[in-house]
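Below is one structure, written out as structure tokens; the observations come after it.
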Amino acid sequence: MKTVLHLLSGDETEQETTLAIARNLLEDETGSIDDVAVVVQADGVDAITTGVETEDQVQALLEDDVSFKACRNTLDMMDLEEADLIDGIETVPEGAVEVTRLQTDGYAYIRP
Amino acid sequence: MKTVLHLLSGDETEQETTLAIARNLLEDETGSIDDVAVVVQADGVDAITTGVETEDQVQALLEDDVSFKACRNTLDMMDLEEADLIDGIETVPEGAVEVTRLQTDGYAYIRP
Amino acid sequence: MKTVLHLLSGDETEQETTLAIARNLLEDETGSIDDVAVVVQADGVDAITTGVETEDQVQALLEDDVSFKACRNTLDMMDLEEADLIDGIETVPEGAVEVTRLQTDGYAYIRP
């Protein structure tokens with residue numbers, strides 16, 4: 001099974017819950033989760049820029065093969081560049097299109 | 001691909017994000033999005049009544065064939081009638097049933 | 001059709017909307033909804049412990065065959081035990097895995 005987490009909130013509790021859920025999916029004892037992707041857009045981007053409090057957690061998830069996909073539409077609107085994101089984070093043209101694509105490919109959707 | 005956006009929050013940021021995402025899906029460069037529906041219920045209805053700040057944005061989306069489906073259960077509870085909604089908005093008996101139906105018909109789900 | 005509601009917010013409005021939507025799905029006039037499950041994790045657990053204001057509503061939904069599945073990961077982190085939950089609530093090892101499993105089994109997802 002595969003899961004896409006959608007992070008688009010500036011709320012710190014929701015951001016922390018998203019990262020905790022990504023970790024819990026990885027550590028699932030039944031081993032039933034084959035892939036975890038996190039699509040990040042809107043104010044959710046605050047959780048994946050360099051120097052933020054969540055950086056270590058995001059890096060550890062990236063090392064464990066969770067993919068992070070940041071919305072370039074959002075980056076443009078916030079005057080951010082890929083270099084401002086934590087190393088290893090990919091970008092996609094539009095987060096909502098990516099979320100649609102992943103669900104169409106069979107990913108379950110979770111919006112923490 | 002088809003996408004249903006679920007708007008049930010009274011939070012203005014979440015309402016604005018929902019409308020922005022609907023627009024971004026329409027403008028997807030790859031042209032991979034064939035249909036966008038917005039199901040509105042609970043406090044989300046505040047964003048689709050006549051005279052609200054978001055009226056122009058909603059109207060422009062309606063003109064571009066985004067369908068808006070308001071929950072009649074919610075309208076009844078809020079003592080609102082169809083005439084109170086921005087022109088062109090449809091109603092459905094219950095928003096959550098409509099969201100279920102659309103997903104069962106292959107729509108991806110996004111909850112901004 | 002089948003629907004899974006995901007309750008992971010401590011926000012009382014979102015908790016109330018979740019329970020109201022579960023009720024509305026049950027009462028759907030078209031009878032098109034065959035099963036409703038509510039997966040509860042993170043701060044959403046506040047709405048399903050014994051003695052809370054929402055207890056009567058949760059009990060009535062349980063009696064009408066809505067299943068409630070609480071995340072044991074969350075219970076452990078909050079130092080809660082199954083006995084602290086409203087009678088009739090099941091537990092699952094990890095809420096997000098259960099939500100993934102249900103969607104993979106054809107459940108539509110709603111995050112109120």
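By order in the structure tokens, chains are A, B, ...; within a chain, residues start at 1; ligands start at 1, following the order shown.
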
Would you mind listing what lies within 12 Å of Leu85 in chain C as JSON, numbers by chain, with only C-alpha atoms counted and same-chain residues fewer than 4 positions away left out?
-> {"C": [40, 45, 46, 47, 48, 49, 50, 51, 52, 54, 55, 58, 59, 68, 69, 70, 71, 72, 75, 80, 81, 89, 90, 91]}

Go ahead and dump the residues you just picked, N, CA and C atoms, as a PDB file, in the first residue's frame.
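And here's out.pdb as it stands now:
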ATOM      1  N   VAL C  40      -9.613   7.524  14.541  1.00  0.00           N
ATOM      2  CA  VAL C  40      -9.315   8.633  15.452  1.00  0.00           C
ATOM      3  C   VAL C  40      -7.873   8.552  15.926  1.00  0.00           C
ATOM      4  N   VAL C  45      -8.479  12.187  19.691  1.00  0.00           N
ATOM      5  CA  VAL C  45      -8.830  11.246  20.754  1.00  0.00           C
ATOM      6  C   VAL C  45      -9.601  11.933  21.881  1.00  0.00           C
ATOM      7  N   ASP C  46      -9.406  13.245  22.031  1.00  0.00           N
ATOM      8  CA  ASP C  46     -10.148  13.985  23.067  1.00  0.00           C
ATOM      9  C   ASP C  46     -11.663  13.831  22.928  1.00  0.00           C
ATOM     10  N   ALA C  47     -12.133  13.516  21.724  1.00  0.00           N
ATOM     11  CA  ALA C  47     -13.588  13.444  21.499  1.00  0.00           C
ATOM     12  C   ALA C  47     -14.174  12.075  21.798  1.00  0.00           C
ATOM     13  N   ILE C  48     -13.302  11.092  22.139  1.00  0.00           N
ATOM     14  CA  ILE C  48     -13.838   9.729  22.302  1.00  0.00           C
ATOM     15  C   ILE C  48     -13.464   9.084  23.631  1.00  0.00           C
ATOM     16  N   THR C  49     -12.992   9.893  24.586  1.00  0.00           N
ATOM     17  CA  THR C  49     -12.719   9.343  25.915  1.00  0.00           C
ATOM     18  C   THR C  49     -13.990   9.447  26.764  1.00  0.00           C
ATOM     19  N   THR C  50     -14.082   8.608  27.763  1.00  0.00           N
ATOM     20  CA  THR C  50     -15.288   8.595  28.603  1.00  0.00           C
ATOM     21  C   THR C  50     -15.471   9.930  29.313  1.00  0.00           C
ATOM     22  N   GLY C  51     -16.734  10.322  29.443  1.00  0.00           N
ATOM     23  CA  GLY C  51     -17.061  11.522  30.205  1.00  0.00           C
ATOM     24  C   GLY C  51     -17.031  12.816  29.413  1.00  0.00           C
ATOM     25  N   VAL C  52     -16.628  12.768  28.144  1.00  0.00           N
ATOM     26  CA  VAL C  52     -16.591  14.003  27.353  1.00  0.00           C
ATOM     27  C   VAL C  52     -17.999  14.358  26.850  1.00  0.00           C
ATOM     28  N   THR C  54     -19.123  14.841  23.985  1.00  0.00           N
ATOM     29  CA  THR C  54     -19.565  14.150  22.770  1.00  0.00           C
ATOM     30  C   THR C  54     -19.927  12.676  23.017  1.00  0.00           C
ATOM     31  N   GLU C  55     -19.873  12.236  24.303  1.00  0.00           N
ATOM     32  CA  GLU C  55     -20.054  10.801  24.591  1.00  0.00           C
ATOM     33  C   GLU C  55     -21.395  10.255  24.081  1.00  0.00           C
ATOM     34  N   VAL C  58     -21.356   9.859  20.294  1.00  0.00           N
ATOM     35  CA  VAL C  58     -20.509   8.745  19.869  1.00  0.00           C
ATOM     36  C   VAL C  58     -21.213   7.419  20.159  1.00  0.00           C
ATOM     37  N   GLN C  59     -21.814   7.303  21.339  1.00  0.00           N
ATOM     38  CA  GLN C  59     -22.512   6.063  21.698  1.00  0.00           C
ATOM     39  C   GLN C  59     -23.658   5.769  20.731  1.00  0.00           C
ATOM     40  N   PHE C  68     -15.709   2.913  15.363  1.00  0.00           N
ATOM     41  CA  PHE C  68     -14.694   3.885  15.762  1.00  0.00           C
ATOM     42  C   PHE C  68     -13.404   3.119  16.030  1.00  0.00           C
ATOM     43  N   LYS C  69     -12.313   3.559  15.397  1.00  0.00           N
ATOM     44  CA  LYS C  69     -11.037   2.885  15.537  1.00  0.00           C
ATOM     45  C   LYS C  69     -10.006   3.875  16.048  1.00  0.00           C
ATOM     46  N   ALA C  70      -9.594   3.696  17.290  1.00  0.00           N
ATOM     47  CA  ALA C  70      -8.632   4.605  17.902  1.00  0.00           C
ATOM     48  C   ALA C  70      -7.212   4.086  17.704  1.00  0.00           C
ATOM     49  N   CYS C  71      -6.296   4.997  17.486  1.00  0.00           N
ATOM     50  CA  CYS C  71      -4.894   4.687  17.212  1.00  0.00           C
ATOM     51  C   CYS C  71      -4.143   4.372  18.516  1.00  0.00           C
ATOM     52  N   ARG C  72      -3.606   3.153  18.631  1.00  0.00           N
ATOM     53  CA  ARG C  72      -2.899   2.786  19.868  1.00  0.00           C
ATOM     54  C   ARG C  72      -1.606   3.569  20.041  1.00  0.00           C
ATOM     55  N   LEU C  75      -2.731   6.564  21.841  1.00  0.00           N
ATOM     56  CA  LEU C  75      -3.090   6.248  23.231  1.00  0.00           C
ATOM     57  C   LEU C  75      -1.828   6.106  24.084  1.00  0.00           C
ATOM     58  N   LEU C  80      -2.962   6.894  27.743  1.00  0.00           N
ATOM     59  CA  LEU C  80      -4.351   6.453  27.872  1.00  0.00           C
ATOM     60  C   LEU C  80      -4.420   4.955  27.629  1.00  0.00           C
ATOM     61  N   GLU C  81      -5.448   4.330  28.192  1.00  0.00           N
ATOM     62  CA  GLU C  81      -5.671   2.908  27.947  1.00  0.00           C
ATOM     63  C   GLU C  81      -7.029   2.721  27.278  1.00  0.00           C
ATOM     64  N   ILE C  89     -15.545   1.265  21.451  1.00  0.00           N
ATOM     65  CA  ILE C  89     -14.532   1.752  20.509  1.00  0.00           C
ATOM     66  C   ILE C  89     -13.406   0.730  20.381  1.00  0.00           C
ATOM     67  N   GLU C  90     -13.068   0.392  19.148  1.00  0.00           N
ATOM     68  CA  GLU C  90     -11.959  -0.538  18.896  1.00  0.00           C
ATOM     69  C   GLU C  90     -10.641   0.223  18.883  1.00  0.00           C
ATOM     70  N   THR C  91      -9.539  -0.500  18.903  1.00  0.00           N
ATOM     71  CA  THR C  91      -8.250   0.148  18.672  1.00  0.00           C
ATOM     72  C   THR C  91      -7.552  -0.531  17.497  1.00  0.00           C
TER      73      THR C  91
END

Closest atom pairs, residues of chain C within 12 Å of chain A, only C-alpha atoms, as a Markdown table:
| residue | atom | partner | partner_atom | distance |
| --- | --- | --- | --- | --- |
| C:Val4 | CA | A:Ile110 | CA | 11.1 |
| C:Leu5 | CA | A:Ile110 | CA | 10.6 |
| C:His6 | CA | A:Ile110 | CA | 8.3 |
| C:Leu7 | CA | A:Pro112 | CA | 8.9 |
| C:Leu8 | CA | A:Pro112 | CA | 6.8 |
| C:Ser9 | CA | A:Pro112 | CA | 8.1 |
| C:Gly10 | CA | A:Thr13 | CA | 9.7 |
| C:Asp11 | CA | A:Thr13 | CA | 11.2 |
| C:Val39 | CA | A:Ile110 | CA | 11.5 |
| C:Val40 | CA | A:Pro112 | CA | 11.3 |
| C:Gln41 | CA | A:Thr17 | CA | 9.7 |
| C:Ala42 | CA | A:Thr17 | CA | 7.3 |
| C:Asp43 | CA | A:Thr13 | CA | 9.4 |
| C:Gly44 | CA | A:Pro112 | CA | 10.8 |
| C:Cys71 | CA | A:Asn24 | CA | 10.9 |
| C:Arg72 | CA | A:Asn24 | CA | 11.3 |
| C:Asn73 | CA | A:Asn24 | CA | 8.4 |
| C:Thr74 | CA | A:Ile21 | CA | 10.4 |
| C:Met77 | CA | A:Ala20 | CA | 11.6 |
| C:Val92 | CA | A:Asp28 | CA | 11.4 |
| C:Pro93 | CA | A:Asp28 | CA | 8.4 |
| C:Glu94 | CA | A:Asn24 | CA | 7.2 |
| C:Gly95 | CA | A:Ile21 | CA | 8.7 |
| C:Ala96 | CA | A:Ile21 | CA | 6.6 |
| C:Val97 | CA | A:Leu25 | CA | 6.2 |
| C:Glu98 | CA | A:Leu25 | CA | 10.0 |
| C:Val99 | CA | A:Ile110 | CA | 7.7 |
| C:Thr100 | CA | A:Ala108 | CA | 5.3 |
| C:Arg101 | CA | A:Met1 | CA | 7.4 |
| C:Leu102 | CA | A:Ala108 | CA | 8.8 |
| C:Gln103 | CA | A:Ala108 | CA | 5.8 |
| C:Thr104 | CA | A:Ala108 | CA | 6.6 |
| C:Asp105 | CA | A:Ala108 | CA | 10.1 |
| C:Gly106 | CA | A:Ala108 | CA | 9.9 |
| C:Tyr107 | CA | A:Ala108 | CA | 9.8 |
| C:Ala108 | CA | A:Ala108 | CA | 9.6 |
| C:Tyr109 | CA | A:Tyr109 | CA | 7.5 |
| C:Ile110 | CA | A:Ile110 | CA | 9.1 |
| C:Arg111 | CA | A:Arg111 | CA | 6.8 |
| C:Pro112 | CA | A:Arg111 | CA | 9.8 |

May I have the residues from that selection written out with C-alpha atoms, as an mmCIF file, in the first residue's frame?
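The result, stored in out_33.cif:
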data_model
loop_
_atom_site.group_PDB
_atom_site.id
_atom_site.type_symbol
_atom_site.label_atom_id
_atom_site.label_comp_id
_atom_site.auth_asym_id
_atom_site.auth_seq_id
_atom_site.Cartn_x
_atom_site.Cartn_y
_atom_site.Cartn_z
ATOM 1 C CA VAL C 4 -13.870 6.580 6.330
ATOM 2 C CA LEU C 5 -13.825 9.782 8.373
ATOM 3 C CA HIS C 6 -10.448 10.818 9.753
ATOM 4 C CA LEU C 7 -10.562 12.637 13.080
ATOM 5 C CA LEU C 8 -7.196 13.930 14.230
ATOM 6 C CA SER C 9 -7.911 17.447 15.327
ATOM 7 C CA GLY C 10 -8.366 18.850 18.812
ATOM 8 C CA ASP C 11 -10.554 21.579 17.361
ATOM 9 C CA VAL C 39 -10.443 6.527 12.500
ATOM 10 C CA VAL C 40 -9.315 8.633 15.452
ATOM 11 C CA GLN C 41 -5.774 9.673 16.259
ATOM 12 C CA ALA C 42 -3.670 12.565 17.599
ATOM 13 C CA ASP C 43 -5.759 15.232 19.389
ATOM 14 C CA GLY C 44 -8.938 13.753 17.900
ATOM 15 C CA CYS C 71 -4.894 4.687 17.212
ATOM 16 C CA ARG C 72 -2.899 2.786 19.868
ATOM 17 C CA ASN C 73 0.229 4.792 19.034
ATOM 18 C CA THR C 74 -1.679 7.901 20.101
ATOM 19 C CA MET C 77 1.777 8.744 23.743
ATOM 20 C CA VAL C 92 -5.834 -0.274 15.782
ATOM 21 C CA PRO C 93 -2.019 -0.245 15.983
ATOM 22 C CA GLU C 94 -1.677 2.952 13.898
ATOM 23 C CA GLY C 95 -4.497 5.167 12.624
ATOM 24 C CA ALA C 96 -2.781 6.237 9.402
ATOM 25 C CA VAL C 97 -2.127 2.626 8.406
ATOM 26 C CA GLU C 98 -5.813 1.834 9.020
ATOM 27 C CA VAL C 99 -6.903 4.827 6.908
ATOM 28 C CA THR C 100 -4.587 3.623 4.134
ATOM 29 C CA ARG C 101 -5.961 0.094 4.402
ATOM 30 C CA LEU C 102 -9.583 1.246 4.246
ATOM 31 C CA GLN C 103 -8.972 3.464 1.203
ATOM 32 C CA THR C 104 -7.165 0.598 -0.495
ATOM 33 C CA ASP C 105 -10.291 -1.479 0.231
ATOM 34 C CA GLY C 106 -12.451 1.087 -1.593
ATOM 35 C CA TYR C 107 -13.510 3.439 1.172
ATOM 36 C CA ALA C 108 -13.838 7.114 0.257
ATOM 37 C CA TYR C 109 -11.884 9.419 2.578
ATOM 38 C CA ILE C 110 -13.260 12.465 4.323
ATOM 39 C CA ARG C 111 -11.225 14.695 6.592
ATOM 40 C CA PRO C 112 -13.672 17.121 8.278
#

Members of chain B assigned strand (DSSP E) by DSSP, as a PyMOL selection string | chain B and resi 2-7+35-40+67-71+90-92+108-110

Export of the given selection (N, CA and C atoms) as an mmCIF file, in the first residue's frame:
data_model
loop_
_atom_site.group_PDB
_atom_site.id
_atom_site.type_symbol
_atom_site.label_atom_id
_atom_site.label_comp_id
_atom_site.auth_asym_id
_atom_site.auth_seq_id
_atom_site.Cartn_x
_atom_site.Cartn_y
_atom_site.Cartn_z
ATOM 1 N N LYS B 2 -9.552 13.597 -12.410
ATOM 2 C CA LYS B 2 -10.596 14.455 -11.859
ATOM 3 C C LYS B 2 -10.335 14.668 -10.363
ATOM 4 N N THR B 3 -10.702 15.838 -9.866
ATOM 5 C CA THR B 3 -10.415 16.169 -8.466
ATOM 6 C C THR B 3 -11.631 16.789 -7.805
ATOM 7 N N VAL B 4 -11.938 16.323 -6.598
ATOM 8 C CA VAL B 4 -12.947 17.000 -5.791
ATOM 9 C C VAL B 4 -12.259 17.688 -4.602
ATOM 10 N N LEU B 5 -12.537 18.979 -4.454
ATOM 11 C CA LEU B 5 -12.049 19.743 -3.299
ATOM 12 C C LEU B 5 -13.175 19.812 -2.269
ATOM 13 N N HIS B 6 -12.828 19.604 -1.020
ATOM 14 C CA HIS B 6 -13.825 19.592 0.050
ATOM 15 C C HIS B 6 -13.621 20.815 0.938
ATOM 16 N N LEU B 7 -14.603 21.706 0.898
ATOM 17 C CA LEU B 7 -14.506 22.950 1.667
ATOM 18 C C LEU B 7 -15.531 22.922 2.784
ATOM 19 N N ASP B 35 -11.631 17.484 -14.778
ATOM 20 C CA ASP B 35 -12.786 18.038 -14.072
ATOM 21 C C ASP B 35 -12.396 18.411 -12.648
ATOM 22 N N VAL B 36 -12.947 19.541 -12.204
ATOM 23 C CA VAL B 36 -12.739 19.987 -10.822
ATOM 24 C C VAL B 36 -14.107 20.287 -10.215
ATOM 25 N N ALA B 37 -14.407 19.640 -9.091
ATOM 26 C CA ALA B 37 -15.649 19.914 -8.364
ATOM 27 C C ALA B 37 -15.294 20.391 -6.965
ATOM 28 N N VAL B 38 -16.094 21.307 -6.439
ATOM 29 C CA VAL B 38 -15.893 21.776 -5.063
ATOM 30 C C VAL B 38 -17.172 21.484 -4.289
ATOM 31 N N VAL B 39 -17.071 20.608 -3.296
ATOM 32 C CA VAL B 39 -18.227 20.304 -2.450
ATOM 33 C C VAL B 39 -18.099 21.133 -1.182
ATOM 34 N N VAL B 40 -19.158 21.884 -0.884
ATOM 35 C CA VAL B 40 -19.100 22.858 0.207
ATOM 36 C C VAL B 40 -20.133 22.512 1.266
ATOM 37 N N SER B 67 -17.483 22.995 -10.981
ATOM 38 C CA SER B 67 -18.813 22.918 -10.377
ATOM 39 C C SER B 67 -18.708 23.093 -8.862
ATOM 40 N N PHE B 68 -19.637 23.851 -8.313
ATOM 41 C CA PHE B 68 -19.732 24.030 -6.867
ATOM 42 C C PHE B 68 -21.024 23.363 -6.411
ATOM 43 N N LYS B 69 -20.907 22.479 -5.414
ATOM 44 C CA LYS B 69 -22.065 21.744 -4.913
ATOM 45 C C LYS B 69 -22.215 22.012 -3.413
ATOM 46 N N ALA B 70 -23.266 22.750 -3.072
ATOM 47 C CA ALA B 70 -23.491 23.098 -1.666
ATOM 48 C C ALA B 70 -24.416 22.073 -1.016
ATOM 49 N N CYS B 71 -24.141 21.770 0.244
ATOM 50 C CA CYS B 71 -24.881 20.760 1.010
ATOM 51 C C CYS B 71 -26.195 21.356 1.525
ATOM 52 N N GLU B 90 -24.776 24.746 -7.557
ATOM 53 C CA GLU B 90 -25.780 23.688 -7.405
ATOM 54 C C GLU B 90 -25.920 23.317 -5.931
ATOM 55 N N THR B 91 -26.954 22.548 -5.625
ATOM 56 C CA THR B 91 -27.027 21.975 -4.283
ATOM 57 C C THR B 91 -27.133 20.459 -4.394
ATOM 58 N N VAL B 92 -26.695 19.794 -3.329
ATOM 59 C CA VAL B 92 -26.818 18.340 -3.218
ATOM 60 C C VAL B 92 -27.424 18.054 -1.847
ATOM 61 N N ALA B 108 -10.030 12.132 -7.368
ATOM 62 C CA ALA B 108 -9.104 12.282 -6.253
ATOM 63 C C ALA B 108 -9.694 13.301 -5.282
ATOM 64 N N TYR B 109 -9.347 13.167 -4.012
ATOM 65 C CA TYR B 109 -9.899 14.020 -2.955
ATOM 66 C C TYR B 109 -8.816 14.941 -2.421
ATOM 67 N N ILE B 110 -9.156 16.206 -2.300
ATOM 68 C CA ILE B 110 -8.240 17.157 -1.658
ATOM 69 C C ILE B 110 -9.015 17.962 -0.636
#

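Among the candidate residues A:Asp76, A:Asp84, A:Asp34, A:Arg23, the one lying nearest to Leu62 in chain A is A:Arg23, with distances computed using only C-alpha atoms.
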
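Between CA of Leu19 in chain A and CA of Leu61 in chain A the interatomic distance comes to 8.2 Å.
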